[in-house]
Amino acid sequence: MSGFQASCPSCGATVVFALGSSLLRVCEHCGVAVARQGAEIKNYGKVAGLIPTPSVLALGMDGDYEGAPPFRLVGRLQLDWGQGTWDEWMLGFADGSWAWLSEAQGRFHYMGHAPVPPAPAFDDLEVGHTLDLGKAGTFVVAEVRSARFATAQGELPFAVAPGSELHYADLSGPGGQFATLDYGTGHTAESLYVGREVTLADLGLRPRGDEERRKGTRAESLKCPKCAGPLEVRAPDQTQRIACPWCGSLLDATHDFEILDVLSKPPMRPLIPLGTQGRLRGVPWTVIGVMERSVTVEGVRYPWTEYLLYEARHGFRWLVEAKRHWSFVEPLNPGDVDPDSAIYGGERFAHFQSGEARVDHVLGEFYWTVARGETTETDDYVKPPRMLSKETTREGNRGEVNWSLGTYLPADELWKAFGQKGEPPESEGIAPHQPSPWSDSVGPVWRSAAFAVAAIVLVFLFLSITGGKTLHRQSVSIPPVVAPGSPEAAAFAGPFFVTSDGNLQVRVVSPVSNTWLYLDGALINEETGAVDEFDVEVSYYSGSDSDGSWSEGSTTATEYIPRVPPGRYLLRLEPQWEAGRTPPEYQLTVRSRVPRFSYALLAILAVLVWPVLLVWRWFRFEVGRWSESDHPWISSSEDE
Ligand SMILES: [Zn+2]
Ligand SMILES: [Zn+2]
């Protein structure tokens, strides 16, 4: 490494800047920050002692990242953002270049230099919005904050006095890409670092394995300073707050369990108790914290409960319960969600509800500085069985955005997974992302129905073309001297032969005008003597009035005789007509096996009963689902 040496302006000891690009070095002898400004050496004052964090890293460790040249941990910067601290490790390469490795809550991000593109001023950044950084890519602004340079060890690439406020924005890109825009102590972007989450194994770093560390990873047993109840800390490395399960008081886990909020009894009784273990997706989770949150819409409070799940290797997840409906919730990388159209993993989610969620009660341990009354802007989007949720905390332009993905979990499945006795409590109403019991069958049922209708239509068309054999045709003139309805007026038609089972169509065409003809008919089987009676009427009227000309009725009438067996037949037709009018003539046609459209229609309707019912049920379910959203399908009269 291209080193640089100077003597400490405070104690005179030799200070070695091992990396040519280092601008600040903490003197190992007196603890003063020694800064390099050109050829000048300055005393930036004494740095504070290191904040005890559960880091597994130490200065001087060597590693290499994905076959890149080896590096050494040459500097450590500890930053405090007001609600916690984190470590930034400076990695020095043999050629004098460097990169950052940030360590927070047991997670690591490797961040390399990138040229600074035109970027908004610090005050113009907006949490949750996208930022186009040209060649570096497009990112979502996940966090905008200021952090205090708390202390340092070794050397650092910038000359900033300990205690300074540093402004930065954490950005999240697609596929797990991360970036940080550093604004230093000013308001214009000074540097851009781009990288991704890494494991220590990726970096070829062997974590420290000393006794102290190993002790830290075990669940710690302590006593509540308020009620002396035993406290079990299940994620000691990451827990910031503990709400005592015995008295409910909120304790600061990072400062000797200082009491922050005094309560005398636990504020709630979770359905699943703290400490319960359950296996979901093959991971044995433990419930370590429970919090009750709510939104209030038009004076009505809608509460829900969130169970914080922890597993040492997988970190944190959530189990969310609202009206006894359950979801398993996983954090998402903000850069993987399109914030403008709520698209995640190629799927578009529909906006369901926005609100302001408030923390009402807490119990157990939390990895952030949770407090009663804390509020978050929430936006929920659904695509059953999943729900995409965005939570934004904002103070001016500072704040952060978090996205998570919830998957609907059937209550009995959950009950079994967490070894709960008896039946899970009955759920109420319909959850925003509850899968509809109907939606899966609507498509296939309608497809089958469409096929069935098409088949019916085809069969009908086929029968219409091939069926309908004419058996008999006859013109009948009624003698002018007989009286309507008299036996003398009756005419016989036939005989004709029916050769196969089926219906018989009797069609009468008569040129009636403003009058009618009624035929009392009988179909007589000459062989058996069986008689089928029927009647058929033709009537046609027309004229004109103030609305113009009109007409009603028809000069044609058709009648069907069902299920006529084969045989020799005769028709007897006894006519009646308007008294005083000339008896009309008529044309008679007898056809067999005539397909009837009304039957086809009935068959089609029968086929459609279930699909229509299904759509109705599906519709009712969706109306229920959306009734409590910002976009109800049917607005209830109470809302007006
Ligand atoms: Zn010194
Ligand atoms: Zn207590």
# chains A, B, ... in the order shown; residues from 1 in each chain; ligands from 1

$ residues_near_ligand --ligand "ligand 1" --cutoff "6 Å" --atoms "only C-alpha atoms and all ligand atoms" --output "compact mmCIF listing (two decimals) with all heavy atoms, in the first residue's frame"
# COMPACT_ATOMS: atom_id res chain seq x y z
N CYS A 8 1.79 12.80 14.93
CA CYS A 8 0.53 13.23 15.52
C CYS A 8 0.66 14.64 16.08
O CYS A 8 1.58 14.90 16.86
CB CYS A 8 0.14 12.25 16.62
SG CYS A 8 -1.29 12.79 17.58
N SER A 10 -0.92 15.93 18.27
CA SER A 10 -1.28 15.97 19.69
C SER A 10 -0.19 15.33 20.54
O SER A 10 0.29 15.92 21.50
CB SER A 10 -2.60 15.25 19.90
OG SER A 10 -2.86 15.12 21.27
N CYS A 11 0.23 14.09 20.17
CA CYS A 11 1.20 13.39 21.02
C CYS A 11 2.54 13.19 20.35
O CYS A 11 3.49 12.74 20.99
CB CYS A 11 0.63 12.06 21.48
SG CYS A 11 0.54 10.82 20.17
N GLY A 12 2.65 13.49 19.05
CA GLY A 12 3.93 13.37 18.37
C GLY A 12 4.26 12.00 17.88
O GLY A 12 5.26 11.79 17.20
N ALA A 13 3.43 11.01 18.20
CA ALA A 13 3.69 9.65 17.73
C ALA A 13 3.56 9.59 16.21
O ALA A 13 2.91 10.44 15.61
CB ALA A 13 2.70 8.68 18.37
N CYS A 27 -5.17 8.49 15.75
CA CYS A 27 -3.87 8.18 16.35
C CYS A 27 -4.05 7.06 17.38
O CYS A 27 -4.89 7.15 18.27
CB CYS A 27 -3.27 9.43 17.00
SG CYS A 27 -1.81 9.06 18.01
N HIS A 29 -2.11 6.20 19.65
CA HIS A 29 -1.56 6.48 20.98
C HIS A 29 -2.43 7.39 21.81
O HIS A 29 -2.63 7.17 22.99
CB HIS A 29 -0.14 7.07 20.83
CG HIS A 29 0.77 6.14 20.12
ND1 HIS A 29 1.50 5.17 20.77
CD2 HIS A 29 1.02 5.98 18.79
CE1 HIS A 29 2.18 4.46 19.89
NE2 HIS A 29 1.91 4.93 18.66
N CYS A 30 -2.98 8.45 21.16
CA CYS A 30 -3.75 9.41 21.96
C CYS A 30 -5.22 9.51 21.57
O CYS A 30 -5.98 10.22 22.22
CB CYS A 30 -3.10 10.79 21.89
SG CYS A 30 -3.17 11.51 20.24
N VAL A 32 -6.59 10.88 18.91
CA VAL A 32 -6.97 12.11 18.23
C VAL A 32 -7.17 11.81 16.75
O VAL A 32 -6.48 10.97 16.19
CB VAL A 32 -5.88 13.20 18.47
CG1 VAL A 32 -5.74 14.11 17.28
CG2 VAL A 32 -6.17 13.98 19.73

$ residues_around --residues "range 386-390 of chain A" --least-positions-apart "5" --cutoff "9 Å" --atoms "only C-alpha atoms" --output "list in words"
Ser327, Val329, Pro334, Pro339, Ala342, Tyr344, Phe349, Glu377, Thr378, Asp379, Asp380, Tyr381, Val401, Asn402, Trp403, Ser404, Leu405, Gly406, Thr407, Tyr408, Pro432, His433, Gln434 and Pro435 of chain A

$ residues_near_ligand --ligand "ligand 2" --cutoff "6 Å" --atoms "only C-alpha atoms and all ligand atoms" --output "PyMOL selection string"
chain A and resi 224+226-227+229+244+246-249

$ write_last_selection --atoms "N, CA, C and O atoms" --output "compact mmCIF listing (two decimals), in the first residue's frame"
# COMPACT_ATOMS: atom_id res chain seq x y z
N CYS A 224 -36.68 -7.62 34.55
CA CYS A 224 -37.28 -6.33 34.26
C CYS A 224 -37.00 -5.38 35.42
O CYS A 224 -37.28 -5.71 36.56
N LYS A 226 -38.53 -2.83 36.24
CA LYS A 226 -39.78 -2.29 36.79
C LYS A 226 -40.47 -3.31 37.70
O LYS A 226 -40.79 -3.02 38.85
N CYS A 227 -40.66 -4.54 37.19
CA CYS A 227 -41.43 -5.52 37.96
C CYS A 227 -40.60 -6.72 38.40
O CYS A 227 -41.11 -7.61 39.05
N GLY A 229 -39.72 -9.12 36.75
CA GLY A 229 -40.09 -10.34 36.03
C GLY A 229 -38.94 -10.77 35.14
O GLY A 229 -38.18 -9.93 34.65
N CYS A 244 -41.83 -5.39 28.48
CA CYS A 244 -41.85 -6.49 29.43
C CYS A 244 -43.17 -7.27 29.33
O CYS A 244 -44.24 -6.68 29.44
N TRP A 246 -44.48 -9.07 31.44
CA TRP A 246 -45.14 -9.17 32.75
C TRP A 246 -45.83 -7.88 33.14
O TRP A 246 -46.92 -7.91 33.71
N CYS A 247 -45.18 -6.72 32.87
CA CYS A 247 -45.79 -5.46 33.29
C CYS A 247 -46.07 -4.54 32.11
O CYS A 247 -46.74 -3.53 32.26
N GLY A 248 -45.56 -4.87 30.92
CA GLY A 248 -45.83 -4.08 29.74
C GLY A 248 -44.94 -2.86 29.59
O GLY A 248 -45.00 -2.17 28.58
N SER A 249 -44.09 -2.57 30.58
CA SER A 249 -43.22 -1.38 30.49
C SER A 249 -42.24 -1.53 29.33
O SER A 249 -41.74 -2.62 29.06

$ select_by_dssp --residues "range 142-374 of chain A" --states "helix (DSSP H, G or I)" --output "ChimeraX atom specification"
/A:174-176,211-216,334-336

$ closest_atom_pairs --of "range 513-552 of chain A" --to "range 561-579 of chain A" --cutoff "7 Å" --atoms "only C-alpha atoms" --output "CSV"
residue,atom,partner,partner_atom,distance
A:Thr515,CA,A:Glu578,CA,6.7
A:Trp516,CA,A:Trp577,CA,6.0
A:Leu517,CA,A:Trp577,CA,4.9
A:Tyr518,CA,A:Gln576,CA,5.1
A:Leu519,CA,A:Pro575,CA,4.4
A:Asp520,CA,A:Glu574,CA,5.0
A:Gly521,CA,A:Leu573,CA,4.5
A:Ala522,CA,A:Arg572,CA,5.2
A:Leu523,CA,A:Leu571,CA,4.8
A:Ile524,CA,A:Leu570,CA,5.2
A:Asn525,CA,A:Tyr569,CA,4.6
A:Glu526,CA,A:Tyr569,CA,5.5
A:Glu527,CA,A:Arg568,CA,6.5

$ residues_around --residues "Ala94 in chain A" --least-positions-apart "6" --cutoff "12 Å" --atoms "only C-alpha atoms" --output "PyMOL selection string"
chain A and resi 1-3+18-21+62-64+68-74

$ closest_residue --among "A:Val337, A:Ile288, A:Ala58, A:Val15" --to "Ile41 in chain A" --atoms "only C-alpha atoms"
A:Val15

$ closest_residue --among "A:Ala169, A:Val116, A:Val476, A:Leu319" --to "Trp285 in chain A" --atoms "only C-alpha atoms"
A:Leu319

$ decode --residues "range 340-355 of chain A" --atoms "all heavy atoms" --output "CSV table (one decimal), in the first residue's frame"
chain,number,residue,atom,x,y,z
A,340,ASP,N,-44.7,3.5,-8.7
A,340,ASP,CA,-45.8,4.3,-9.3
A,340,ASP,C,-47.0,3.4,-9.7
A,340,ASP,O,-48.1,3.8,-9.6
A,340,ASP,CB,-45.3,5.0,-10.6
A,340,ASP,CG,-44.1,5.9,-10.2
A,340,ASP,OD1,-44.2,6.5,-9.1
A,340,ASP,OD2,-43.1,5.9,-10.9
A,341,SER,N,-46.7,2.1,-10.1
A,341,SER,CA,-47.9,1.3,-10.5
A,341,SER,C,-48.0,0.1,-9.7
A,341,SER,O,-48.8,-0.8,-10.0
A,341,SER,CB,-47.8,1.0,-12.0
A,341,SER,OG,-46.4,0.7,-12.3
A,342,ALA,N,-47.3,0.0,-8.5
A,342,ALA,CA,-47.4,-1.2,-7.6
A,342,ALA,C,-47.2,-2.5,-8.4
A,342,ALA,O,-48.1,-3.4,-8.3
A,342,ALA,CB,-48.7,-1.2,-6.9
A,343,ILE,N,-46.1,-2.6,-9.1
A,343,ILE,CA,-45.8,-3.9,-9.8
A,343,ILE,C,-44.7,-4.5,-9.1
A,343,ILE,O,-43.7,-3.9,-8.8
A,343,ILE,CB,-45.5,-3.6,-11.3
A,343,ILE,CG1,-46.7,-3.1,-12.1
A,343,ILE,CG2,-45.0,-4.9,-12.0
A,343,ILE,CD1,-46.4,-2.6,-13.5
A,344,TYR,N,-44.9,-5.8,-8.7
A,344,TYR,CA,-43.8,-6.5,-8.1
A,344,TYR,C,-43.8,-7.9,-8.8
A,344,TYR,O,-44.8,-8.5,-8.9
A,344,TYR,CB,-44.0,-6.7,-6.6
A,344,TYR,CG,-43.1,-7.7,-6.0
A,344,TYR,CD1,-41.7,-7.3,-5.9
A,344,TYR,CD2,-43.5,-8.9,-5.6
A,344,TYR,CE1,-40.8,-8.2,-5.3
A,344,TYR,CE2,-42.5,-9.8,-5.1
A,344,TYR,CZ,-41.2,-9.4,-4.9
A,344,TYR,OH,-40.3,-10.3,-4.4
A,345,GLY,N,-42.6,-8.4,-9.1
A,345,GLY,CA,-42.4,-9.7,-9.7
A,345,GLY,C,-43.2,-9.8,-11.0
A,345,GLY,O,-43.7,-10.9,-11.3
A,346,GLY,N,-43.4,-8.7,-11.7
A,346,GLY,CA,-44.1,-8.8,-13.0
A,346,GLY,C,-45.6,-8.8,-12.8
A,346,GLY,O,-46.4,-8.8,-13.7
A,347,GLU,N,-46.1,-8.7,-11.5
A,347,GLU,CA,-47.5,-8.7,-11.3
A,347,GLU,C,-48.0,-7.4,-10.8
A,347,GLU,O,-47.4,-6.8,-9.9
A,347,GLU,CB,-47.9,-9.8,-10.2
A,347,GLU,CG,-47.7,-11.2,-10.7
A,347,GLU,CD,-48.3,-12.2,-9.8
A,347,GLU,OE1,-48.0,-12.0,-8.5
A,347,GLU,OE2,-48.9,-13.1,-10.2
A,348,ARG,N,-49.1,-6.9,-11.3
A,348,ARG,CA,-49.7,-5.6,-10.9
A,348,ARG,C,-50.7,-5.9,-9.8
A,348,ARG,O,-51.5,-6.7,-9.8
A,348,ARG,CB,-50.4,-5.0,-12.1
A,348,ARG,CG,-50.9,-3.6,-11.8
A,348,ARG,CD,-51.7,-3.0,-12.9
A,348,ARG,NE,-50.8,-2.7,-14.0
A,348,ARG,CZ,-50.2,-1.5,-14.2
A,348,ARG,NH1,-50.4,-0.6,-13.4
A,348,ARG,NH2,-49.4,-1.3,-15.3
A,349,PHE,N,-50.5,-5.1,-8.7
A,349,PHE,CA,-51.4,-5.2,-7.6
A,349,PHE,C,-52.4,-4.0,-7.6
A,349,PHE,O,-52.0,-2.9,-8.0
A,349,PHE,CB,-50.6,-5.1,-6.2
A,349,PHE,CG,-49.8,-6.4,-6.0
A,349,PHE,CD1,-48.8,-6.8,-6.8
A,349,PHE,CD2,-50.1,-7.2,-4.9
A,349,PHE,CE1,-48.1,-8.0,-6.6
A,349,PHE,CE2,-49.4,-8.4,-4.7
A,349,PHE,CZ,-48.4,-8.8,-5.5
A,350,ALA,N,-53.6,-4.2,-7.1
A,350,ALA,CA,-54.6,-3.2,-7.2
A,350,ALA,C,-54.6,-2.4,-5.8
A,350,ALA,O,-54.6,-3.0,-4.8
A,350,ALA,CB,-56.0,-3.8,-7.4
A,351,HIS,N,-54.6,-1.1,-5.9
A,351,HIS,CA,-54.6,-0.3,-4.7
A,351,HIS,C,-55.9,-0.6,-3.9
A,351,HIS,O,-57.0,-0.7,-4.4
A,351,HIS,CB,-54.6,1.2,-5.0
A,351,HIS,CG,-54.6,2.0,-3.8
A,351,HIS,ND1,-55.7,2.7,-3.3
A,351,HIS,CD2,-53.7,2.3,-2.9
A,351,HIS,CE1,-55.5,3.3,-2.2
A,351,HIS,NE2,-54.2,3.1,-1.9
A,352,PHE,N,-55.7,-0.9,-2.6
A,352,PHE,CA,-56.8,-1.3,-1.7
A,352,PHE,C,-57.1,-0.1,-0.8
A,352,PHE,O,-58.2,0.3,-0.7
A,352,PHE,CB,-56.5,-2.5,-1.0
A,352,PHE,CG,-57.7,-3.1,-0.3
A,352,PHE,CD1,-58.6,-3.9,-1.0
A,352,PHE,CD2,-57.9,-2.9,1.1
A,352,PHE,CE1,-59.7,-4.5,-0.4
A,352,PHE,CE2,-59.1,-3.4,1.7
A,352,PHE,CZ,-59.9,-4.2,1.0
A,353,GLN,N,-56.1,0.3,-0.1
A,353,GLN,CA,-56.4,1.3,1.0
A,353,GLN,C,-55.1,2.0,1.4
A,353,GLN,O,-54.0,1.5,1.3
A,353,GLN,CB,-56.8,0.5,2.2
A,353,GLN,CG,-57.6,1.3,3.2
A,353,GLN,CD,-58.3,0.4,4.2
A,353,GLN,OE1,-57.7,-0.5,4.7
A,353,GLN,NE2,-59.6,0.7,4.5
A,354,SER,N,-55.3,3.3,1.7
A,354,SER,CA,-54.2,4.1,2.3
A,354,SER,C,-54.6,4.6,3.6
A,354,SER,O,-55.8,4.9,3.8
A,354,SER,CB,-53.8,5.2,1.4
A,354,SER,OG,-53.2,4.7,0.2
A,355,GLY,N,-53.7,4.8,4.5
A,355,GLY,CA,-54.1,5.3,5.8
A,355,GLY,C,-52.9,5.6,6.6
A,355,GLY,O,-51.7,5.6,6.2
